[in-house]
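Reviewing the structure listed below.
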Amino acid sequence: MNKNRLSKTMTAALNAQMTKEAHASQIYLSYASWAEHHSYNGVANFLFRHAQEERNHMMKILEYILKRGAEVKITAVPAPHANPESLNKCFEKIFEHETDNTKEVYRLVKLSFEEEDWATWNFMQWFVKEQVEEETMAMNLLDKIKIAGGEKLSGNDLYSFDRDLESAPDDARAAQDVTADRP
Ligand code: FEO
């Protein structure tokens, strides 16, 4: 009796996304190490926390594949991108990475729709919402860094930016959770 509830195509696509989340974790880990090396300790703290969050995303997909009776394939994770040349570039790359990941999430949603695999469609909605939060977070940080001077960020502005990130929340607030009295 076949207990596998995922198609071959869906299993391959979910496994690929699982690896992509592991890759994201490596990217954040390498940027965090780069930041720590340059004494941007607040930025490093934020990025280390985010690396862990990406690993949680990976685990969510891994668990889902197993729960649906399909096979998980752990493969090599691509090396992270080269280190950024500046804090400004670091956050630009993070934003690009997140928008790229959103495209992959949408691809999975489309596939689940085409296959009428409503369980996976439903599962993927968590990632759709999460990507809105992650893109908002990356956008907000990019805005902050541009206001503080972009490539010219230094001195007090750099100090404040770095210190703020130490205590910055891991996720931006989702638009769905906003109310008129709590905008
Ligand atoms: Fe798992 Fe940053 O997306």
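Convention: chains lettered A, B, ... in structure tokens order; per-chain residue numbering from 1; ligands numbered from 1 as shown.
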> Could you name the residues that touch Gln125 of chain A at 9 Å or less, counting only C-alpha atoms, but leaving out those on the same chain fewer than 5 positions away, as JSON, numbers by chain?
Replying inline: {"A": [109, 120, 130]}
Could you list, as a short mmCIF file (atom, residue, chain, number, x, y, z; two decimals) with N, CA and C atoms, in the first residue's frame, every residue within 10 Å of segment 4-11 of chain A, counting only C-alpha atoms and ignoring same-chain residues fewer than 2 positions away?
```
data_model
loop_
_atom_site.label_atom_id
_atom_site.label_comp_id
_atom_site.auth_asym_id
_atom_site.auth_seq_id
_atom_site.Cartn_x
_atom_site.Cartn_y
_atom_site.Cartn_z
N MET A 1 0.85 -1.21 0.00
CA MET A 1 0.00 0.00 0.00
C MET A 1 0.89 1.26 0.00
N ASN A 2 0.55 2.15 -0.89
CA ASN A 2 1.35 3.38 -0.99
C ASN A 2 0.78 4.46 -0.06
N ALA A 13 10.22 19.26 -5.43
CA ALA A 13 10.15 20.72 -5.24
C ALA A 13 10.29 21.07 -3.75
N LEU A 14 9.65 20.29 -2.88
CA LEU A 14 9.74 20.58 -1.44
C LEU A 14 11.15 20.30 -0.92
N ASN A 15 11.75 19.22 -1.42
CA ASN A 15 13.14 18.94 -1.02
C ASN A 15 14.07 20.07 -1.46
N ALA A 16 13.83 20.58 -2.67
CA ALA A 16 14.67 21.69 -3.16
C ALA A 16 14.49 22.92 -2.28
N GLN A 17 13.23 23.19 -1.87
CA GLN A 17 12.98 24.36 -1.03
C GLN A 17 13.61 24.18 0.36
N ILE A 65 7.40 16.95 4.74
CA ILE A 65 7.63 15.89 3.75
C ILE A 65 7.47 14.52 4.43
N LEU A 66 8.07 14.38 5.60
CA LEU A 66 7.99 13.09 6.32
C LEU A 66 6.55 12.78 6.72
N LYS A 67 5.85 13.79 7.22
CA LYS A 67 4.47 13.56 7.68
C LYS A 67 3.56 13.15 6.53
N ARG A 68 3.88 13.58 5.32
CA ARG A 68 3.06 13.22 4.15
C ARG A 68 3.50 11.89 3.55
N GLY A 69 4.41 11.21 4.24
CA GLY A 69 4.81 9.86 3.81
C GLY A 69 5.80 9.83 2.66
N ALA A 70 6.43 10.97 2.37
CA ALA A 70 7.40 11.01 1.26
C ALA A 70 8.82 10.98 1.81
N GLU A 71 9.77 10.93 0.88
CA GLU A 71 11.17 10.77 1.28
C GLU A 71 11.91 12.11 1.31
N VAL A 72 12.61 12.32 2.41
CA VAL A 72 13.46 13.52 2.53
C VAL A 72 14.82 13.21 1.94
N LYS A 73 15.32 14.12 1.13
CA LYS A 73 16.68 13.92 0.58
C LYS A 73 17.57 15.06 1.06
N LEU A 108 6.06 27.05 -5.52
CA LEU A 108 5.49 25.89 -4.82
C LEU A 108 3.98 26.03 -4.63
N LEU A 111 2.42 25.24 -7.98
CA LEU A 111 2.46 23.79 -8.24
C LEU A 111 1.38 23.07 -7.43
N SER A 112 1.24 23.44 -6.15
CA SER A 112 0.23 22.77 -5.32
C SER A 112 -1.17 23.06 -5.85
N GLU A 115 -1.70 20.93 -8.96
CA GLU A 115 -1.88 19.51 -8.62
C GLU A 115 -3.14 19.27 -7.76
N ASP A 117 -3.28 19.84 -4.74
CA ASP A 117 -2.77 19.28 -3.49
C ASP A 117 -3.03 20.34 -2.42
N ALA A 119 -3.48 20.20 0.77
CA ALA A 119 -2.73 20.12 2.03
C ALA A 119 -1.43 20.93 1.89
N THR A 120 -0.74 20.73 0.76
CA THR A 120 0.52 21.47 0.56
C THR A 120 0.23 22.95 0.31
#
```
> Using only C-alpha atoms and all ligand atoms, what are the residues with an atom within 7 Å of ligand 1, set out as a PyMOL selection string?
Replying inline: chain A and resi 21+24+54+57+98+101+131+134
>> Need to verify the contact set: Val43 of chain A, 10 Å, only C-alpha atoms, exclusion of same-chain residues closer than 4 positions in sequence. Can you return it as a ChimeraX atom specification?
In response: /A:31-36,39,47-49,87,161-168
Can you write just those residues out, all heavy atoms, as a compact mmCIF listing (two decimals), in the first residue's frame?
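The result, written out as result.txt:
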```
# COMPACT_ATOMS: atom_id res chain seq x y z
N TYR A 31 27.22 36.05 6.80
CA TYR A 31 27.15 37.51 6.95
C TYR A 31 27.31 37.91 8.42
O TYR A 31 27.93 38.92 8.74
CB TYR A 31 25.83 38.06 6.41
CG TYR A 31 25.71 38.07 4.90
CD1 TYR A 31 26.70 37.53 4.08
CD2 TYR A 31 24.60 38.63 4.27
CE1 TYR A 31 26.59 37.54 2.71
CE2 TYR A 31 24.48 38.64 2.89
CZ TYR A 31 25.47 38.09 2.12
OH TYR A 31 25.35 38.10 0.75
N ALA A 32 26.73 37.10 9.31
CA ALA A 32 26.84 37.38 10.75
C ALA A 32 28.31 37.30 11.19
O ALA A 32 28.80 38.16 11.92
CB ALA A 32 26.00 36.38 11.54
N SER A 33 29.00 36.29 10.68
CA SER A 33 30.42 36.13 11.05
C SER A 33 31.24 37.29 10.50
O SER A 33 32.14 37.81 11.17
CB SER A 33 30.97 34.81 10.49
OG SER A 33 30.15 33.76 10.88
N TRP A 34 30.89 37.70 9.27
CA TRP A 34 31.58 38.85 8.65
C TRP A 34 31.35 40.10 9.52
O TRP A 34 32.29 40.84 9.81
CB TRP A 34 31.04 39.06 7.23
CG TRP A 34 31.45 40.36 6.61
CD1 TRP A 34 32.61 40.64 5.96
CD2 TRP A 34 30.68 41.59 6.61
NE1 TRP A 34 32.63 41.96 5.55
CE2 TRP A 34 31.46 42.55 5.94
CE3 TRP A 34 29.43 41.95 7.10
CZ2 TRP A 34 31.02 43.86 5.74
CZ3 TRP A 34 28.99 43.26 6.92
CH2 TRP A 34 29.78 44.19 6.25
N ALA A 35 30.09 40.30 9.96
CA ALA A 35 29.76 41.49 10.76
C ALA A 35 30.51 41.46 12.09
O ALA A 35 31.07 42.48 12.52
CB ALA A 35 28.25 41.55 10.99
N GLU A 36 30.53 40.30 12.72
CA GLU A 36 31.22 40.18 14.02
C GLU A 36 32.71 40.48 13.84
O GLU A 36 33.32 41.17 14.65
CB GLU A 36 31.00 38.75 14.56
CG GLU A 36 31.63 38.48 15.90
CD GLU A 36 30.73 38.83 17.08
OE1 GLU A 36 29.50 38.77 16.94
OE2 GLU A 36 31.29 39.19 18.12
N SER A 39 33.44 43.96 13.98
CA SER A 39 32.98 44.58 15.24
C SER A 39 31.59 45.21 15.14
O SER A 39 31.27 46.10 15.94
CB SER A 39 33.99 45.62 15.75
OG SER A 39 35.24 45.03 15.89
N LEU A 47 21.83 38.87 12.81
CA LEU A 47 21.99 37.91 11.70
C LEU A 47 22.16 36.47 12.20
O LEU A 47 21.66 35.54 11.58
CB LEU A 47 23.17 38.32 10.81
CG LEU A 47 22.99 39.66 10.08
CD1 LEU A 47 24.25 40.03 9.31
CD2 LEU A 47 21.80 39.63 9.14
N PHE A 48 22.84 36.31 13.34
CA PHE A 48 22.95 34.96 13.92
C PHE A 48 21.56 34.43 14.28
O PHE A 48 21.24 33.28 14.04
CB PHE A 48 23.85 34.96 15.17
CG PHE A 48 25.32 34.87 14.86
CD1 PHE A 48 26.21 35.79 15.41
CD2 PHE A 48 25.82 33.88 14.04
CE1 PHE A 48 27.58 35.71 15.13
CE2 PHE A 48 27.19 33.79 13.76
CZ PHE A 48 28.06 34.71 14.30
N ARG A 49 20.74 35.31 14.87
CA ARG A 49 19.38 34.90 15.23
C ARG A 49 18.60 34.52 13.98
O ARG A 49 17.86 33.54 13.95
CB ARG A 49 18.65 36.05 15.96
CG ARG A 49 18.98 36.13 17.42
CD ARG A 49 18.12 37.18 18.09
NE ARG A 49 18.67 38.52 17.94
CZ ARG A 49 17.96 39.59 17.66
NH1 ARG A 49 16.67 39.52 17.47
NH2 ARG A 49 18.53 40.78 17.56
N LEU A 87 28.19 47.39 5.08
CA LEU A 87 26.92 47.08 5.74
C LEU A 87 25.75 47.35 4.80
O LEU A 87 24.79 46.60 4.75
CB LEU A 87 26.76 47.94 6.99
CG LEU A 87 27.30 47.37 8.30
CD1 LEU A 87 26.98 48.32 9.45
CD2 LEU A 87 26.73 45.99 8.60
N PHE A 161 22.89 52.45 14.71
CA PHE A 161 22.32 51.40 13.85
C PHE A 161 22.68 50.02 14.40
O PHE A 161 21.84 49.14 14.54
CB PHE A 161 22.86 51.56 12.42
CG PHE A 161 22.32 50.53 11.46
CD1 PHE A 161 21.06 50.68 10.89
CD2 PHE A 161 23.08 49.42 11.11
CE1 PHE A 161 20.55 49.72 10.01
CE2 PHE A 161 22.58 48.46 10.23
CZ PHE A 161 21.32 48.62 9.68
N ASP A 162 23.95 49.88 14.74
CA ASP A 162 24.44 48.59 15.24
C ASP A 162 23.77 48.24 16.57
O ASP A 162 23.32 47.11 16.78
CB ASP A 162 25.96 48.66 15.38
CG ASP A 162 26.55 47.30 15.73
OD1 ASP A 162 26.30 46.35 14.96
OD2 ASP A 162 27.23 47.18 16.76
N ARG A 163 23.66 49.23 17.45
CA ARG A 163 23.06 48.99 18.77
C ARG A 163 21.58 48.65 18.64
O ARG A 163 21.08 47.76 19.32
CB ARG A 163 23.24 50.25 19.63
CG ARG A 163 22.97 50.04 21.11
CD ARG A 163 22.74 51.35 21.80
NE ARG A 163 21.83 52.18 21.01
CZ ARG A 163 21.74 53.49 21.08
NH1 ARG A 163 22.51 54.17 21.88
NH2 ARG A 163 20.89 54.17 20.34
N ASP A 164 20.87 49.33 17.71
CA ASP A 164 19.44 49.06 17.52
C ASP A 164 19.20 47.61 17.07
O ASP A 164 18.21 46.99 17.44
CB ASP A 164 18.84 49.99 16.46
CG ASP A 164 18.67 51.39 17.00
OD1 ASP A 164 18.95 51.59 18.20
OD2 ASP A 164 18.26 52.27 16.22
N LEU A 165 20.10 47.11 16.23
CA LEU A 165 19.89 45.76 15.70
C LEU A 165 20.05 44.69 16.78
O LEU A 165 19.49 43.62 16.67
CB LEU A 165 20.83 45.48 14.54
CG LEU A 165 20.38 46.04 13.20
CD1 LEU A 165 20.96 45.24 12.05
CD2 LEU A 165 18.88 46.03 13.06
N GLU A 166 20.81 45.01 17.79
CA GLU A 166 21.02 44.07 18.90
C GLU A 166 19.68 43.64 19.50
O GLU A 166 19.47 42.48 19.83
CB GLU A 166 21.88 44.76 19.98
CG GLU A 166 22.16 43.91 21.19
CD GLU A 166 23.54 43.25 21.11
OE1 GLU A 166 24.49 43.94 20.73
OE2 GLU A 166 23.61 42.06 21.45
N SER A 167 18.76 44.62 19.58
CA SER A 167 17.46 44.32 20.22
C SER A 167 16.31 44.31 19.21
O SER A 167 15.14 44.26 19.60
CB SER A 167 17.19 45.35 21.31
OG SER A 167 17.30 46.64 20.76
N ALA A 168 16.64 44.38 17.89
CA ALA A 168 15.56 44.41 16.88
C ALA A 168 14.81 43.08 16.91
O ALA A 168 15.42 42.02 17.05
CB ALA A 168 16.16 44.65 15.50
```
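Candidate residues A:Glu133, A:Tyr64, A:Asp143, A:Asp157 were compared for distance to Gln176 of chain A, and the nearest is A:Glu133, using only C-alpha atoms.
Across A:Met18, A:Tyr40, A:Ile27, A:Asp171, the tightest approach to Ala138 of chain A is made by A:Asp171 when counting only C-alpha atoms.
Reported to one decimal place, the separation of atom CA of Arg173 of chain A from atom CA of Lys144 of chain A is 16.3 Å.
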> Near Thr102 of chain A, within 9 Å and counting only C-alpha atoms, which residues show up once chain neighbours fewer than 3 positions away are dropped, as a count of residues only?
Replying inline: 11
>> Can you pull out every residue from chain A that DSSP, working from the backbone, puts in alpha helix (DSSP H), and format the result as a ChimeraX atom specification?
In response: /A:8-37,41-67,87-114,118-147,155-166
Any chance you can output those residues with C-alpha atoms as a CSV table (one decimal), in the first residue's frame?
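Result saved to again.csv:
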```
chain,number,residue,atom,x,y,z
A,8,LYS,CA,7.0,12.9,-7.3
A,9,THR,CA,7.2,16.5,-8.6
A,10,MET,CA,6.0,18.0,-5.3
A,11,THR,CA,8.4,15.9,-3.3
A,12,ALA,CA,11.3,17.1,-5.5
A,13,ALA,CA,10.2,20.7,-5.2
A,14,LEU,CA,9.7,20.6,-1.4
A,15,ASN,CA,13.1,18.9,-1.0
A,16,ALA,CA,14.7,21.7,-3.2
A,17,GLN,CA,13.0,24.4,-1.0
A,18,MET,CA,14.2,22.6,2.1
A,19,THR,CA,17.8,22.9,0.8
A,20,LYS,CA,17.2,26.5,-0.2
A,21,GLU,CA,16.2,27.3,3.4
A,22,ALA,CA,19.4,25.6,4.6
A,23,HIS,CA,21.3,27.7,2.1
A,24,ALA,CA,19.6,30.9,3.5
A,25,SER,CA,20.7,29.9,7.0
A,26,GLN,CA,24.3,29.5,5.7
A,27,ILE,CA,24.1,33.0,4.0
A,28,TYR,CA,22.9,34.6,7.3
A,29,LEU,CA,25.6,32.7,9.2
A,30,SER,CA,28.4,33.9,7.0
A,31,TYR,CA,27.1,37.5,7.0
A,32,ALA,CA,26.8,37.4,10.7
A,33,SER,CA,30.4,36.1,11.0
A,34,TRP,CA,31.6,38.8,8.7
A,35,ALA,CA,29.8,41.5,10.8
A,36,GLU,CA,31.2,40.2,14.0
A,37,HIS,CA,34.7,40.2,12.5
A,41,ASN,CA,28.2,43.2,17.1
A,42,GLY,CA,24.6,44.3,17.1
A,43,VAL,CA,24.2,43.4,13.4
A,44,ALA,CA,26.0,40.1,14.0
A,45,ASN,CA,23.6,39.3,16.8
A,46,PHE,CA,20.6,40.0,14.6
A,47,LEU,CA,22.0,37.9,11.7
A,48,PHE,CA,23.0,35.0,13.9
A,49,ARG,CA,19.4,34.9,15.2
A,50,HIS,CA,18.1,35.0,11.7
A,51,ALA,CA,20.3,32.1,10.6
A,52,GLN,CA,18.5,30.1,13.3
A,53,GLU,CA,15.2,31.2,12.0
A,54,GLU,CA,16.0,30.0,8.5
A,55,ARG,CA,17.1,26.6,9.9
A,56,ASN,CA,13.6,26.4,11.6
A,57,HIS,CA,12.1,27.0,8.1
A,58,MET,CA,14.2,24.1,6.8
A,59,MET,CA,12.9,21.9,9.6
A,60,LYS,CA,9.3,22.8,9.0
A,61,ILE,CA,9.6,21.6,5.4
A,62,LEU,CA,11.5,18.5,6.4
A,63,GLU,CA,8.8,17.5,8.9
A,64,TYR,CA,6.1,18.1,6.4
A,65,ILE,CA,7.6,15.9,3.8
A,66,LEU,CA,8.0,13.1,6.3
A,67,LYS,CA,4.5,13.6,7.7
A,87,LEU,CA,26.9,47.1,5.7
A,88,ASN,CA,24.8,48.8,3.1
A,89,LYS,CA,25.7,46.0,0.6
A,90,CYS,CA,25.1,43.4,3.2
A,91,PHE,CA,21.4,44.5,3.6
A,92,GLU,CA,21.0,45.0,-0.1
A,93,LYS,CA,22.0,41.4,-0.6
A,94,ILE,CA,19.7,40.2,2.1
A,95,PHE,CA,16.8,42.0,0.5
A,96,GLU,CA,17.6,40.4,-2.9
A,97,HIS,CA,17.9,37.0,-1.3
A,98,GLU,CA,14.5,37.3,0.4
A,99,THR,CA,12.7,38.4,-2.8
A,100,ASP,CA,14.4,35.5,-4.6
A,101,ASN,CA,13.1,33.1,-2.0
A,102,THR,CA,9.6,34.5,-2.3
A,103,LYS,CA,9.7,33.6,-6.0
A,104,GLU,CA,10.5,30.0,-5.0
A,105,VAL,CA,7.7,29.9,-2.4
A,106,TYR,CA,5.2,31.2,-5.0
A,107,ARG,CA,6.4,28.5,-7.4
A,108,LEU,CA,5.5,25.9,-4.8
A,109,VAL,CA,2.1,27.5,-4.2
A,110,LYS,CA,1.4,27.4,-8.0
A,111,LEU,CA,2.5,23.8,-8.2
A,112,SER,CA,0.2,22.8,-5.3
A,113,PHE,CA,-2.7,24.6,-7.0
A,114,GLU,CA,-2.1,22.9,-10.3
A,118,TRP,CA,-4.7,21.4,-1.0
A,119,ALA,CA,-2.7,20.1,2.0
A,120,THR,CA,0.5,21.5,0.6
A,121,TRP,CA,-1.2,24.6,-0.6
A,122,ASN,CA,-2.4,25.2,2.9
A,123,PHE,CA,1.0,24.4,4.4
A,124,MET,CA,2.7,26.8,2.0
A,125,GLN,CA,0.5,29.7,3.1
A,126,TRP,CA,2.5,30.0,6.3
A,127,PHE,CA,5.6,30.6,4.1
A,128,VAL,CA,3.7,33.2,2.0
A,129,LYS,CA,2.9,35.1,5.1
A,130,GLU,CA,6.4,34.6,6.5
A,131,GLN,CA,8.0,36.0,3.3
A,132,VAL,CA,5.9,39.2,3.6
A,133,GLU,CA,7.4,39.6,7.1
A,134,GLU,CA,10.9,38.8,5.9
A,135,GLU,CA,10.7,41.2,2.9
A,136,THR,CA,9.3,43.9,5.2
A,137,MET,CA,12.1,43.4,7.7
A,138,ALA,CA,14.8,43.6,5.0
A,139,MET,CA,13.1,46.6,3.4
A,140,ASN,CA,12.9,48.4,6.8
A,141,LEU,CA,16.6,47.7,7.6
A,142,LEU,CA,17.6,48.9,4.1
A,143,ASP,CA,15.6,52.1,4.6
A,144,LYS,CA,17.1,52.7,8.1
A,145,ILE,CA,20.6,52.2,6.7
A,146,LYS,CA,20.0,54.6,3.8
A,147,ILE,CA,18.6,57.3,6.1
A,155,GLY,CA,30.5,57.4,13.6
A,156,ASN,CA,27.4,57.9,15.8
A,157,ASP,CA,24.9,56.8,13.1
A,158,LEU,CA,26.8,53.5,12.7
A,159,TYR,CA,27.0,53.1,16.4
A,160,SER,CA,23.2,53.6,16.8
A,161,PHE,CA,22.3,51.4,13.8
A,162,ASP,CA,24.4,48.6,15.2
A,163,ARG,CA,23.1,49.0,18.8
A,164,ASP,CA,19.4,49.1,17.5
A,165,LEU,CA,19.9,45.8,15.7
A,166,GLU,CA,21.0,44.1,18.9
```
> In Å to one decimal, how far is atom CA of Pro80 of chain A from atom CA of His38 of chain A?
Replying inline: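 Computed distance, atom CA of His38 of chain A to atom CA of Pro80 of chain A, equals 18.3 Å.
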